[in-house]
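Visitor: Please see the structure below; I have some questions.
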Amino acid sequence: MHNGIDTKLIVAKFAMHGYNVHPSAIEVLKKNVDPQNIDFVISHICKLVDSFIITPDDILSVLDTIREFERKARVRETEQKSKAQTKQIYKQSEGIKIKDITGKSSCEGSIEDFVAYFNSRFEKLSKILRKRIRPVPISTLGRLNGEQVELIGIVNSVRETQNNSAIIELEDKTGIVNVIATDRLKDQALELLGDEVIGVIGTVRGRNVIADRIIFPDVPMNDKAKFDFGVVFISDTHFGSKEFLQKEWNMFTDWLNGELGEGKVVELAEKVRYVIIAGDIVDGVGIYPDQEKDLTILDICGQYEFAAEQLDKIPKDVKIILSVGNHDAIRQAEPQPALPKEYRDLFSNNVIHVGNPAYVELDGLKVLIYHGRSLDDIITKIPRLSYEKPHEAMIELLKRRHLSPRYGEKSPIAPEKEDWLVIDEIPDILHCGHVHTYSVGVYRGVFLINSSTWQSQTEFQKKVNLNPMPGNVAVYYNGDIARLRFYN
Ligand code: D5M
Ligand code: FE
Ligand code: ZN
């Protein structure tokens, strides 16, 4: 009960508005309203009630109305906040939308961060899978012996057994179960990378589930995107490396300036509106042991100055979307933010800096840029894949709707609250680099481009038997991808 407000004062306040108030109504008012809000409430009661004597019911119904107003106001406020956030995510820049981690990183790498990160991954990917399957919680399987069930879980591990099957340990928020995959499903199971979120349709047999189908989140069938402007895809320029191919780079920029090539090739250069670079802009310093021996520019700032100089050879009416990779001067764990300001400031205005990965929309063309570090893991893990055809490994990313399915040493992940590596938005083009080889393909209407490098084979790469295909450029125009070679 509030002592702070006097009954007489309340009667006087109502009288000022021309109303009488029943003593029991005053009690209700005292019980439900803070003294500091009393004037506000009384003025509302007098506006909303048309009887001459105010009753307890009048008071209660007006209080309900006020609460409803307040609730709606709160909803409006949150809606406005989230609208403002969306605006922040999509930094508008003359026809360009960008979504990346830059300026939004929140993780400190604690255990709680990892729990939140994997929860986000599970939520986002199970939401996609739920469009096709209706999972039961793993904890309820004990009661469903003999029945066919649908499950969604994260892959903890996969092991091969002697009797021609594989056991997938699958976990959801309620428990863990062994899923047995035999025959064709065994081959599918052995291609699982671990940590991906999948669906399983299977039959409960005691403590296990015998799989009938394994379902990936995957992308639906799309039509190939058709836009009548050109976009150039390159990657891994490695400026500052002794093996940087200056002569070939100059040929490339000459072509963009309309000074090299003839016929359709020159016409294509005229159409180009954007150049996208998928990271490893510079060779960096201290990236691997004894790297100094491979560098022409030994300091990182000098390397970015040189990079800016080389990018200045690209016509200024072409916008350059510059992402980052594991050789750049930014944290290694993905998602990587864009370059720090001190380096960004070295570049001309036509360079737009983005993180890795970055989802961009260029006059409507949706491109997902990802440097491609996870490709090493995928190509190593799945025997049918090779460095000669990196786009086939990129298909595995689309199937899993995730850019770095396996958390590990080669693919360090920063445990952000949201999993930025989930492929939420289906792009028209997925663009990677990193492996220094060139290949292009289409999967369910999505173009896959790995755009190689501008660095010839290093001593180190010779030792690990890595054969780069430098100087290749992919050019999107009007629903097709052309390949230009500037290296013999
Ligand atoms: O990576 C270029 C390519 O070289 C990529 O496919 C990874 C591979 N690479 C890089 N470091 C190693 C080591 N230590 N062993 C084997 N293969 C490696 P880049 O990011 O340009 O260095
Ligand atoms: Fe590289
Ligand atoms: Zn790389």
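Note on naming: chains are A, B, ... as they come in the structure tokens, residues start from 1 per chain, ligands start from 1 in the order shown.
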List as a tab-separated table every residue of chain A that is in contact with ligand 1, defined as an atom at most 7 Å from one of its atoms (using only C-alpha atoms and all ligand atoms), together with the nearest atom pair and the distance in Å rounded to one decimal, sorted by chain and then rising number.
Guide:
```
residue	atom	partner	partner_atom_place_in_ligand_line	distance
A:Asp236	CA	ligand 1	21 (O)	6.6
A:Asp280	CA	ligand 1	21 (O)	6.5
A:Asn326	CA	ligand 1	20 (O)	5.6
A:His327	CA	ligand 1	20 (O)	6.1
A:Asp376	CA	ligand 1	6 (O)	5.7
A:His434	CA	ligand 1	1 (O)	5.1
A:Val435	CA	ligand 1	6 (O)	3.5
A:His436	CA	ligand 1	2 (C)	5.7
A:Gln461	CA	ligand 1	4 (O)	6.5
A:Val464	CA	ligand 1	16 (C)	5.9
A:Leu466	CA	ligand 1	4 (O)	6.7
```
Visitor: May I have the residues from that selection written out with C-alpha atoms, as an mmCIF file, in the first residue's frame?
Guide:
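Once written, selection_1.cif looks like this:
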```cif
data_model
loop_
_atom_site.group_PDB
_atom_site.id
_atom_site.type_symbol
_atom_site.label_atom_id
_atom_site.label_comp_id
_atom_site.auth_asym_id
_atom_site.auth_seq_id
_atom_site.Cartn_x
_atom_site.Cartn_y
_atom_site.Cartn_z
ATOM 1 C CA ASP A 236 45.570 -13.992 -53.772
ATOM 2 C CA ASP A 280 45.608 -12.661 -49.463
ATOM 3 C CA ASN A 326 45.207 -15.534 -43.932
ATOM 4 C CA HIS A 327 48.205 -13.536 -45.241
ATOM 5 C CA ASP A 376 42.308 -27.313 -47.551
ATOM 6 C CA HIS A 434 43.312 -19.429 -51.208
ATOM 7 C CA VAL A 435 44.221 -22.683 -52.968
ATOM 8 C CA HIS A 436 45.902 -20.782 -55.866
ATOM 9 C CA GLN A 461 54.941 -24.669 -52.401
ATOM 10 C CA VAL A 464 54.676 -29.469 -50.538
ATOM 11 C CA LEU A 466 51.499 -27.460 -54.710
#
```
Visitor: Within 12 Å of ligand 2, which residues of chain A show up? Give each one with its shortest atom-to-atom distance in Å (one decimal) and the two atoms involved, counting only C-alpha atoms and all ligand atoms, rows by chain then rising residue number, as CSV.
Guide:
```
residue,atom,partner,partner_atom_place_in_ligand_line,distance
A:Ile234,CA,ligand 2,1 (Fe),11.3
A:Ser235,CA,ligand 2,1 (Fe),7.7
A:Asp236,CA,ligand 2,1 (Fe),4.6
A:Thr237,CA,ligand 2,1 (Fe),7.6
A:His238,CA,ligand 2,1 (Fe),6.7
A:Phe239,CA,ligand 2,1 (Fe),10.5
A:Ser241,CA,ligand 2,1 (Fe),10.9
A:Glu243,CA,ligand 2,1 (Fe),11.9
A:Phe244,CA,ligand 2,1 (Fe),11.3
A:Ile277,CA,ligand 2,1 (Fe),11.3
A:Ala278,CA,ligand 2,1 (Fe),9.4
A:Gly279,CA,ligand 2,1 (Fe),7.4
A:Asp280,CA,ligand 2,1 (Fe),5.0
A:Ile281,CA,ligand 2,1 (Fe),8.1
A:Val282,CA,ligand 2,1 (Fe),8.7
A:Asp283,CA,ligand 2,1 (Fe),7.7
A:Gly284,CA,ligand 2,1 (Fe),10.3
A:Ile287,CA,ligand 2,1 (Fe),10.9
A:Val324,CA,ligand 2,1 (Fe),10.0
A:Gly325,CA,ligand 2,1 (Fe),7.2
A:Asn326,CA,ligand 2,1 (Fe),7.4
A:His327,CA,ligand 2,1 (Fe),6.8
A:Asp328,CA,ligand 2,1 (Fe),9.5
A:His371,CA,ligand 2,1 (Fe),8.4
A:Gly372,CA,ligand 2,1 (Fe),9.3
A:Arg373,CA,ligand 2,1 (Fe),9.1
A:Asp376,CA,ligand 2,1 (Fe),11.6
A:Cys432,CA,ligand 2,1 (Fe),10.5
A:Gly433,CA,ligand 2,1 (Fe),7.1
A:His434,CA,ligand 2,1 (Fe),4.4
A:Val435,CA,ligand 2,1 (Fe),6.5
A:His436,CA,ligand 2,1 (Fe),6.2
A:Thr437,CA,ligand 2,1 (Fe),10.0
A:Asn450,CA,ligand 2,1 (Fe),11.7
A:Ser451,CA,ligand 2,1 (Fe),10.8
A:Ser452,CA,ligand 2,1 (Fe),8.4
A:Thr453,CA,ligand 2,1 (Fe),6.9
A:Trp454,CA,ligand 2,1 (Fe),9.1
A:Gln455,CA,ligand 2,1 (Fe),8.3
A:Ser456,CA,ligand 2,1 (Fe),10.8
A:Gln457,CA,ligand 2,1 (Fe),11.1
A:Thr458,CA,ligand 2,1 (Fe),11.2
A:Gln461,CA,ligand 2,1 (Fe),11.0
A:Leu466,CA,ligand 2,1 (Fe),11.8
A:Pro468,CA,ligand 2,1 (Fe),10.0
A:Met469,CA,ligand 2,1 (Fe),11.8
A:Pro470,CA,ligand 2,1 (Fe),10.8
```
Visitor: With a distance cut-off of 7 Å and only C-alpha atoms, select the neighbouring residues of region 125-137 of chain A, excluding the residue or stretch itself and same-chain residues fewer than 5 positions from it, and output the selection as a ChimeraX atom specification.
Guide: /A:149-152,174,197,199,217
Visitor: Quick one: residues within 12 Å of Ser404 (chain A), only C-alpha atoms counted, chain neighbours fewer than 4 positions away excluded, as a PDB file with N, CA and C atoms, in the first residue's frame?
Guide:
```pdb
ATOM      1  N   ARG A 121      24.949 -21.762 -34.671  1.00  0.00           N
ATOM      2  CA  ARG A 121      25.102 -22.616 -35.857  1.00  0.00           C
ATOM      3  C   ARG A 121      23.955 -23.625 -35.918  1.00  0.00           C
ATOM      4  N   LEU A 193      32.427 -34.049 -42.483  1.00  0.00           N
ATOM      5  CA  LEU A 193      33.662 -33.402 -42.030  1.00  0.00           C
ATOM      6  C   LEU A 193      33.708 -33.300 -40.510  1.00  0.00           C
ATOM      7  N   GLY A 194      32.537 -33.434 -39.867  1.00  0.00           N
ATOM      8  CA  GLY A 194      32.458 -33.183 -38.423  1.00  0.00           C
ATOM      9  C   GLY A 194      32.002 -31.762 -38.197  1.00  0.00           C
ATOM     10  N   ASP A 195      31.189 -31.570 -37.161  1.00  0.00           N
ATOM     11  CA  ASP A 195      30.669 -30.249 -36.775  1.00  0.00           C
ATOM     12  C   ASP A 195      29.607 -29.695 -37.717  1.00  0.00           C
ATOM     13  N   GLU A 196      29.270 -30.425 -38.793  1.00  0.00           N
ATOM     14  CA  GLU A 196      28.184 -29.912 -39.632  1.00  0.00           C
ATOM     15  C   GLU A 196      26.834 -30.337 -39.043  1.00  0.00           C
ATOM     16  N   VAL A 197      25.796 -29.594 -39.410  1.00  0.00           N
ATOM     17  CA  VAL A 197      24.447 -29.922 -38.932  1.00  0.00           C
ATOM     18  C   VAL A 197      23.718 -30.637 -40.070  1.00  0.00           C
ATOM     19  N   ALA A 333      41.493 -15.757 -37.182  1.00  0.00           N
ATOM     20  CA  ALA A 333      40.264 -16.523 -36.977  1.00  0.00           C
ATOM     21  C   ALA A 333      39.123 -15.919 -37.794  1.00  0.00           C
ATOM     22  N   GLU A 334      38.326 -16.795 -38.376  1.00  0.00           N
ATOM     23  CA  GLU A 334      37.182 -16.353 -39.188  1.00  0.00           C
ATOM     24  C   GLU A 334      35.930 -16.288 -38.327  1.00  0.00           C
ATOM     25  N   PRO A 335      35.034 -15.351 -38.567  1.00  0.00           N
ATOM     26  CA  PRO A 335      35.041 -14.336 -39.630  1.00  0.00           C
ATOM     27  C   PRO A 335      36.071 -13.238 -39.363  1.00  0.00           C
ATOM     28  N   ASN A 356      36.017 -11.142 -44.243  1.00  0.00           N
ATOM     29  CA  ASN A 356      36.025 -12.480 -44.813  1.00  0.00           C
ATOM     30  C   ASN A 356      35.307 -13.418 -43.848  1.00  0.00           C
ATOM     31  N   PRO A 357      34.169 -13.980 -44.168  1.00  0.00           N
ATOM     32  CA  PRO A 357      33.477 -13.818 -45.439  1.00  0.00           C
ATOM     33  C   PRO A 357      32.764 -12.469 -45.513  1.00  0.00           C
ATOM     34  N   TYR A 370      34.471 -15.545 -49.939  1.00  0.00           N
ATOM     35  CA  TYR A 370      35.096 -16.265 -48.821  1.00  0.00           C
ATOM     36  C   TYR A 370      36.499 -16.670 -49.254  1.00  0.00           C
ATOM     37  N   HIS A 371      37.499 -16.312 -48.458  1.00  0.00           N
ATOM     38  CA  HIS A 371      38.872 -16.596 -48.887  1.00  0.00           C
ATOM     39  C   HIS A 371      39.057 -18.070 -49.225  1.00  0.00           C
ATOM     40  N   GLY A 372      38.619 -18.963 -48.326  1.00  0.00           N
ATOM     41  CA  GLY A 372      38.628 -20.385 -48.709  1.00  0.00           C
ATOM     42  C   GLY A 372      39.548 -21.275 -47.895  1.00  0.00           C
ATOM     43  N   ARG A 373      39.857 -20.831 -46.686  1.00  0.00           N
ATOM     44  CA  ARG A 373      40.778 -21.629 -45.883  1.00  0.00           C
ATOM     45  C   ARG A 373      40.260 -23.036 -45.614  1.00  0.00           C
ATOM     46  N   SER A 374      38.954 -23.187 -45.447  1.00  0.00           N
ATOM     47  CA  SER A 374      38.400 -24.506 -45.134  1.00  0.00           C
ATOM     48  C   SER A 374      38.557 -25.478 -46.307  1.00  0.00           C
ATOM     49  N   LEU A 375      38.841 -24.947 -47.509  1.00  0.00           N
ATOM     50  CA  LEU A 375      38.964 -25.842 -48.675  1.00  0.00           C
ATOM     51  C   LEU A 375      40.111 -26.826 -48.493  1.00  0.00           C
ATOM     52  N   ASP A 376      41.194 -26.391 -47.826  1.00  0.00           N
ATOM     53  CA  ASP A 376      42.308 -27.313 -47.551  1.00  0.00           C
ATOM     54  C   ASP A 376      41.809 -28.531 -46.785  1.00  0.00           C
ATOM     55  N   ASP A 377      41.016 -28.291 -45.742  1.00  0.00           N
ATOM     56  CA  ASP A 377      40.504 -29.388 -44.918  1.00  0.00           C
ATOM     57  C   ASP A 377      39.599 -30.305 -45.732  1.00  0.00           C
ATOM     58  N   ILE A 378      38.747 -29.687 -46.543  1.00  0.00           N
ATOM     59  CA  ILE A 378      37.759 -30.475 -47.290  1.00  0.00           C
ATOM     60  C   ILE A 378      38.438 -31.329 -48.351  1.00  0.00           C
ATOM     61  N   ALA A 393      35.033 -28.723 -54.331  1.00  0.00           N
ATOM     62  CA  ALA A 393      35.057 -28.632 -52.856  1.00  0.00           C
ATOM     63  C   ALA A 393      34.086 -27.544 -52.399  1.00  0.00           C
ATOM     64  N   MET A 394      33.945 -26.502 -53.234  1.00  0.00           N
ATOM     65  CA  MET A 394      33.024 -25.407 -52.871  1.00  0.00           C
ATOM     66  C   MET A 394      31.564 -25.883 -52.863  1.00  0.00           C
ATOM     67  N   GLU A 396      30.603 -28.607 -51.659  1.00  0.00           N
ATOM     68  CA  GLU A 396      30.403 -29.176 -50.317  1.00  0.00           C
ATOM     69  C   GLU A 396      30.008 -28.084 -49.319  1.00  0.00           C
ATOM     70  N   LEU A 397      30.536 -26.874 -49.518  1.00  0.00           N
ATOM     71  CA  LEU A 397      30.175 -25.753 -48.641  1.00  0.00           C
ATOM     72  C   LEU A 397      28.704 -25.397 -48.819  1.00  0.00           C
ATOM     73  N   LEU A 398      28.265 -25.348 -50.075  1.00  0.00           N
ATOM     74  CA  LEU A 398      26.862 -24.999 -50.336  1.00  0.00           C
ATOM     75  C   LEU A 398      25.921 -26.067 -49.770  1.00  0.00           C
ATOM     76  N   LYS A 399      26.305 -27.350 -49.962  1.00  0.00           N
ATOM     77  CA  LYS A 399      25.459 -28.433 -49.452  1.00  0.00           C
ATOM     78  C   LYS A 399      25.265 -28.318 -47.948  1.00  0.00           C
ATOM     79  N   ARG A 400      26.346 -27.953 -47.273  1.00  0.00           N
ATOM     80  CA  ARG A 400      26.288 -27.840 -45.803  1.00  0.00           C
ATOM     81  C   ARG A 400      25.793 -26.479 -45.353  1.00  0.00           C
ATOM     82  N   GLY A 408      38.751 -26.251 -36.647  1.00  0.00           N
ATOM     83  CA  GLY A 408      40.032 -26.926 -36.428  1.00  0.00           C
ATOM     84  C   GLY A 408      41.222 -26.022 -36.628  1.00  0.00           C
ATOM     85  N   GLU A 409      42.394 -26.643 -36.674  1.00  0.00           N
ATOM     86  CA  GLU A 409      43.639 -25.886 -36.737  1.00  0.00           C
ATOM     87  C   GLU A 409      43.799 -25.105 -38.033  1.00  0.00           C
ATOM     88  N   LYS A 410      43.491 -25.765 -39.152  1.00  0.00           N
ATOM     89  CA  LYS A 410      43.625 -25.097 -40.452  1.00  0.00           C
ATOM     90  C   LYS A 410      42.533 -24.051 -40.624  1.00  0.00           C
ATOM     91  N   SER A 411      41.413 -24.234 -39.950  1.00  0.00           N
ATOM     92  CA  SER A 411      40.300 -23.304 -40.086  1.00  0.00           C
ATOM     93  C   SER A 411      39.900 -22.762 -38.717  1.00  0.00           C
ATOM     94  N   PRO A 412      40.711 -21.837 -38.173  1.00  0.00           N
ATOM     95  CA  PRO A 412      40.351 -21.301 -36.853  1.00  0.00           C
ATOM     96  C   PRO A 412      39.107 -20.428 -36.950  1.00  0.00           C
ATOM     97  N   ILE A 413      38.203 -20.601 -35.999  1.00  0.00           N
ATOM     98  CA  ILE A 413      36.958 -19.829 -36.011  1.00  0.00           C
ATOM     99  C   ILE A 413      36.890 -19.004 -34.735  1.00  0.00           C
ATOM    100  N   ALA A 414      36.534 -17.730 -34.858  1.00  0.00           N
ATOM    101  CA  ALA A 414      36.303 -16.890 -33.685  1.00  0.00           C
ATOM    102  C   ALA A 414      34.865 -17.124 -33.242  1.00  0.00           C
ATOM    103  N   ASP A 419      26.725 -17.192 -35.799  1.00  0.00           N
ATOM    104  CA  ASP A 419      27.628 -17.886 -36.714  1.00  0.00           C
ATOM    105  C   ASP A 419      27.566 -17.225 -38.089  1.00  0.00           C
ATOM    106  N   TRP A 420      28.541 -16.359 -38.354  1.00  0.00           N
ATOM    107  CA  TRP A 420      28.583 -15.598 -39.613  1.00  0.00           C
ATOM    108  C   TRP A 420      28.975 -16.474 -40.787  1.00  0.00           C
ATOM    109  N   LEU A 421      29.438 -17.704 -40.513  1.00  0.00           N
ATOM    110  CA  LEU A 421      29.903 -18.565 -41.597  1.00  0.00           C
ATOM    111  C   LEU A 421      28.775 -19.409 -42.179  1.00  0.00           C
ATOM    112  N   VAL A 422      27.610 -19.373 -41.529  1.00  0.00           N
ATOM    113  CA  VAL A 422      26.440 -20.052 -42.108  1.00  0.00           C
ATOM    114  C   VAL A 422      26.037 -19.304 -43.385  1.00  0.00           C
ATOM    115  N   ILE A 423      25.732 -20.055 -44.434  1.00  0.00           N
ATOM    116  CA  ILE A 423      25.293 -19.415 -45.677  1.00  0.00           C
ATOM    117  C   ILE A 423      23.786 -19.178 -45.548  1.00  0.00           C
TER     118      ILE A 423
END
```
Visitor: Tell me which of A:Asn222, A:Ser323, A:Val266, A:Ile154 sits closest to ligand 3, counting only C-alpha atoms and all ligand atoms.
Guide: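 Checking each of A:Asn222, A:Ser323, A:Val266, A:Ile154 against ligand 3, counting only C-alpha atoms and all ligand atoms, the winner is A:Ser323.
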Visitor: What's the separation between CA of Lys47 (chain A) and CA of Arg71 (chain A), in Å to one decimal place?
Guide: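 Between CA of Lys47 (chain A) and CA of Arg71 (chain A) the gap works out to 20.0 Å.
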Visitor: Which residue is closest to ligand 3? Choose from A:Gly95, A:Tyr288, A:Arg444, A:Asn20 and count only C-alpha atoms and all ligand atoms.
Guide: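 Of A:Gly95, A:Tyr288, A:Arg444, A:Asn20, the one nearest ligand 3 is A:Tyr288, counting only C-alpha atoms and all ligand atoms.
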Visitor: Please provide as an MDAnalysis selection string all residues within 12 Å of Arg213 (chain A), with the sequence filter that same-chain residues fewer than 2 positions apart are discarded (counting only C-alpha atoms).
Guide: chainID A and resid 133 148:152 179:186 188:189 198:203 209:211 215:216
Visitor: Save out the residues we just selected, N, CA and C atoms, as a short mmCIF file (atom, residue, chain, number, x, y, z; two decimals), in the first residue's frame.
Guide:
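What landed in selection_35.cif:
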```cif
data_model
loop_
_atom_site.label_atom_id
_atom_site.label_comp_id
_atom_site.auth_asym_id
_atom_site.auth_seq_id
_atom_site.Cartn_x
_atom_site.Cartn_y
_atom_site.Cartn_z
N ILE A 133 12.23 -31.55 -42.83
CA ILE A 133 11.99 -32.68 -41.91
C ILE A 133 11.51 -32.19 -40.55
N GLN A 148 10.08 -45.35 -37.32
CA GLN A 148 10.90 -44.48 -38.18
C GLN A 148 10.85 -43.06 -37.61
N VAL A 149 12.01 -42.43 -37.50
CA VAL A 149 12.08 -41.09 -36.91
C VAL A 149 12.89 -40.15 -37.80
N GLU A 150 12.70 -38.87 -37.56
CA GLU A 150 13.52 -37.86 -38.24
C GLU A 150 14.28 -37.09 -37.16
N LEU A 151 15.57 -36.85 -37.41
CA LEU A 151 16.43 -36.20 -36.42
C LEU A 151 17.19 -35.05 -37.07
N ILE A 152 17.51 -34.04 -36.27
CA ILE A 152 18.46 -33.02 -36.70
C ILE A 152 19.54 -32.95 -35.63
N VAL A 179 24.20 -43.09 -35.03
CA VAL A 179 23.45 -43.36 -36.25
C VAL A 179 24.30 -44.30 -37.10
N ILE A 180 23.73 -45.45 -37.47
CA ILE A 180 24.49 -46.43 -38.24
C ILE A 180 24.17 -46.24 -39.73
N ALA A 181 25.23 -46.06 -40.52
CA ALA A 181 25.05 -45.88 -41.96
C ALA A 181 25.71 -47.04 -42.68
N THR A 182 24.94 -47.71 -43.54
CA THR A 182 25.51 -48.85 -44.27
C THR A 182 25.41 -48.60 -45.78
N ASP A 183 26.12 -49.41 -46.56
CA ASP A 183 26.14 -49.35 -48.03
C ASP A 183 26.42 -47.94 -48.54
N ARG A 184 25.51 -47.44 -49.40
CA ARG A 184 25.70 -46.12 -50.02
C ARG A 184 25.78 -45.02 -48.95
N LEU A 185 24.99 -45.20 -47.90
CA LEU A 185 24.98 -44.20 -46.83
C LEU A 185 26.31 -44.16 -46.08
N LYS A 186 26.99 -45.31 -46.09
CA LYS A 186 28.30 -45.35 -45.42
C LYS A 186 29.26 -44.40 -46.15
N GLN A 188 28.51 -41.81 -47.89
CA GLN A 188 28.09 -40.44 -47.57
C GLN A 188 28.59 -40.04 -46.18
N ALA A 189 28.44 -40.98 -45.24
CA ALA A 189 28.84 -40.69 -43.85
C ALA A 189 30.34 -40.41 -43.77
N ILE A 198 23.21 -31.84 -39.77
CA ILE A 198 22.53 -32.64 -40.81
C ILE A 198 21.19 -33.15 -40.28
N GLY A 199 20.39 -33.62 -41.22
CA GLY A 199 19.17 -34.32 -40.86
C GLY A 199 19.35 -35.80 -41.14
N VAL A 200 18.69 -36.64 -40.35
CA VAL A 200 18.74 -38.08 -40.59
C VAL A 200 17.31 -38.61 -40.53
N ILE A 201 16.96 -39.44 -41.52
CA ILE A 201 15.72 -40.22 -41.40
C ILE A 201 16.15 -41.65 -41.18
N GLY A 202 15.63 -42.28 -40.13
CA GLY A 202 16.09 -43.63 -39.82
C GLY A 202 15.14 -44.35 -38.90
N THR A 203 15.52 -45.60 -38.59
CA THR A 203 14.66 -46.44 -37.75
C THR A 203 15.37 -46.72 -36.43
N VAL A 209 20.17 -45.66 -34.11
CA VAL A 209 19.24 -45.38 -35.21
C VAL A 209 19.90 -45.89 -36.49
N ILE A 210 19.18 -46.69 -37.25
CA ILE A 210 19.70 -47.17 -38.54
C ILE A 210 19.25 -46.17 -39.60
N ALA A 211 20.21 -45.55 -40.25
CA ALA A 211 19.88 -44.46 -41.18
C ALA A 211 19.26 -44.98 -42.47
N ILE A 215 20.36 -36.08 -44.76
CA ILE A 215 19.88 -34.90 -45.48
C ILE A 215 20.74 -33.68 -45.12
N PHE A 216 21.26 -33.02 -46.15
CA PHE A 216 22.03 -31.79 -45.94
C PHE A 216 21.10 -30.58 -46.04
#
```
Visitor: Identify, on the basis of only C-alpha atoms, every residue whose closest approach to Met221 (chain A) does not exceed 10 Å; exclude the query and any residue fewer than 3 positions from it along the same chain; express the result as a VMD selection string.
Guide: chain A and resid 218 224 443 to 446
Visitor: What are the DSSP strand (DSSP E) residues of region 270-441 of chain A, as a compact mmCIF listing (two decimals) with N, CA and C atoms, in the first residue's frame?
Guide:
```txt
# COMPACT_ATOMS: atom_id res chain seq x y z
N VAL A 272 32.92 -3.96 -67.55
CA VAL A 272 33.26 -4.26 -66.15
C VAL A 272 32.95 -3.09 -65.21
N ARG A 273 32.15 -3.39 -64.20
CA ARG A 273 31.78 -2.39 -63.21
C ARG A 273 32.45 -2.65 -61.86
N TYR A 274 32.77 -3.92 -61.61
CA TYR A 274 33.36 -4.29 -60.31
C TYR A 274 34.51 -5.27 -60.47
N VAL A 275 35.51 -5.14 -59.58
CA VAL A 275 36.55 -6.17 -59.44
C VAL A 275 36.48 -6.67 -58.00
N ILE A 276 36.37 -7.98 -57.83
CA ILE A 276 36.31 -8.53 -56.47
C ILE A 276 37.58 -9.33 -56.19
N ILE A 277 38.22 -9.04 -55.07
CA ILE A 277 39.46 -9.75 -54.70
C ILE A 277 39.22 -10.51 -53.40
N LYS A 319 34.65 -0.23 -59.39
CA LYS A 319 34.74 -0.35 -57.93
C LYS A 319 35.44 -1.66 -57.58
N ILE A 320 36.32 -1.58 -56.60
CA ILE A 320 37.09 -2.76 -56.19
C ILE A 320 36.61 -3.20 -54.81
N ILE A 321 36.12 -4.43 -54.72
CA ILE A 321 35.69 -4.96 -53.42
C ILE A 321 36.86 -5.80 -52.91
N LEU A 322 37.47 -5.34 -51.82
CA LEU A 322 38.70 -5.95 -51.34
C LEU A 322 38.44 -6.70 -50.03
N VAL A 351 38.13 1.77 -53.77
CA VAL A 351 38.32 0.49 -53.09
C VAL A 351 37.38 0.40 -51.90
N ILE A 352 36.56 -0.66 -51.88
CA ILE A 352 35.62 -0.87 -50.78
C ILE A 352 36.12 -2.06 -49.97
N HIS A 353 36.45 -1.82 -48.70
CA HIS A 353 37.06 -2.87 -47.88
C HIS A 353 35.97 -3.69 -47.19
N ALA A 358 32.33 -12.13 -46.74
CA ALA A 358 31.49 -10.95 -46.93
C ALA A 358 30.41 -11.29 -47.95
N TYR A 359 29.18 -10.95 -47.59
CA TYR A 359 28.08 -11.11 -48.53
C TYR A 359 27.82 -9.72 -49.11
N VAL A 360 27.93 -9.60 -50.42
CA VAL A 360 27.71 -8.28 -51.02
C VAL A 360 26.66 -8.36 -52.12
N GLU A 361 25.92 -7.30 -52.28
CA GLU A 361 25.00 -7.20 -53.42
C GLU A 361 25.46 -6.03 -54.26
N LEU A 362 25.77 -6.31 -55.52
CA LEU A 362 26.31 -5.30 -56.43
C LEU A 362 25.26 -5.03 -57.49
N LEU A 365 23.29 -8.09 -57.98
CA LEU A 365 24.00 -9.37 -58.11
C LEU A 365 24.54 -9.77 -56.73
N LYS A 366 24.13 -10.97 -56.26
CA LYS A 366 24.49 -11.39 -54.90
C LYS A 366 25.76 -12.24 -54.92
N VAL A 367 26.79 -11.75 -54.28
CA VAL A 367 28.06 -12.47 -54.28
C VAL A 367 28.49 -12.76 -52.84
N LEU A 368 28.82 -14.01 -52.59
CA LEU A 368 29.38 -14.38 -51.29
C LEU A 368 30.87 -14.58 -51.50
N ILE A 369 31.66 -13.75 -50.80
CA ILE A 369 33.12 -13.81 -50.93
C ILE A 369 33.66 -14.53 -49.70
N TYR A 370 34.47 -15.55 -49.94
CA TYR A 370 35.10 -16.26 -48.82
C TYR A 370 36.50 -16.67 -49.25
N ILE A 429 26.59 -15.98 -56.80
CA ILE A 429 27.97 -16.41 -57.05
C ILE A 429 28.68 -16.62 -55.71
N LEU A 430 29.36 -17.76 -55.59
CA LEU A 430 30.25 -17.98 -54.44
C LEU A 430 31.68 -17.86 -54.96
N HIS A 431 32.44 -16.94 -54.38
CA HIS A 431 33.79 -16.65 -54.87
C HIS A 431 34.82 -16.96 -53.80
N CYS A 432 35.74 -17.89 -54.11
CA CYS A 432 36.83 -18.21 -53.18
C CYS A 432 38.18 -18.07 -53.86
N TYR A 438 42.67 -22.52 -60.35
CA TYR A 438 41.50 -21.91 -60.97
C TYR A 438 40.50 -22.99 -61.36
N SER A 439 39.25 -22.84 -60.95
CA SER A 439 38.18 -23.62 -61.58
C SER A 439 36.85 -22.95 -61.32
N VAL A 440 35.92 -23.23 -62.22
CA VAL A 440 34.61 -22.59 -62.20
C VAL A 440 33.55 -23.65 -62.43
N GLY A 441 32.41 -23.51 -61.82
CA GLY A 441 31.32 -24.46 -62.05
C GLY A 441 29.99 -23.83 -61.66
```
Visitor: With distances taken over only C-alpha atoms and all ligand atoms, which residue among A:Lys463, A:Gln332, A:Lys104, A:Ser61 lies nearest ligand 3?
Guide: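 Among the listed residues, the smallest separation from ligand 3 belongs to A:Gln332.
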Visitor: May I have the residues within 7 Å of region 245-253 of chain A as JSON, numbers by chain, using only C-alpha atoms and disregarding those fewer than 3 positions away in the same chain?
Guide: {"A": [256, 257, 313, 314, 454, 455, 456, 471, 486, 487]}
Visitor: Calculate how many Å separate CA of Val318 (chain A) from CA of Gly240 (chain A), rounding to one decimal.
Guide: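 Here the two named atoms are 23.5 Å from each other.
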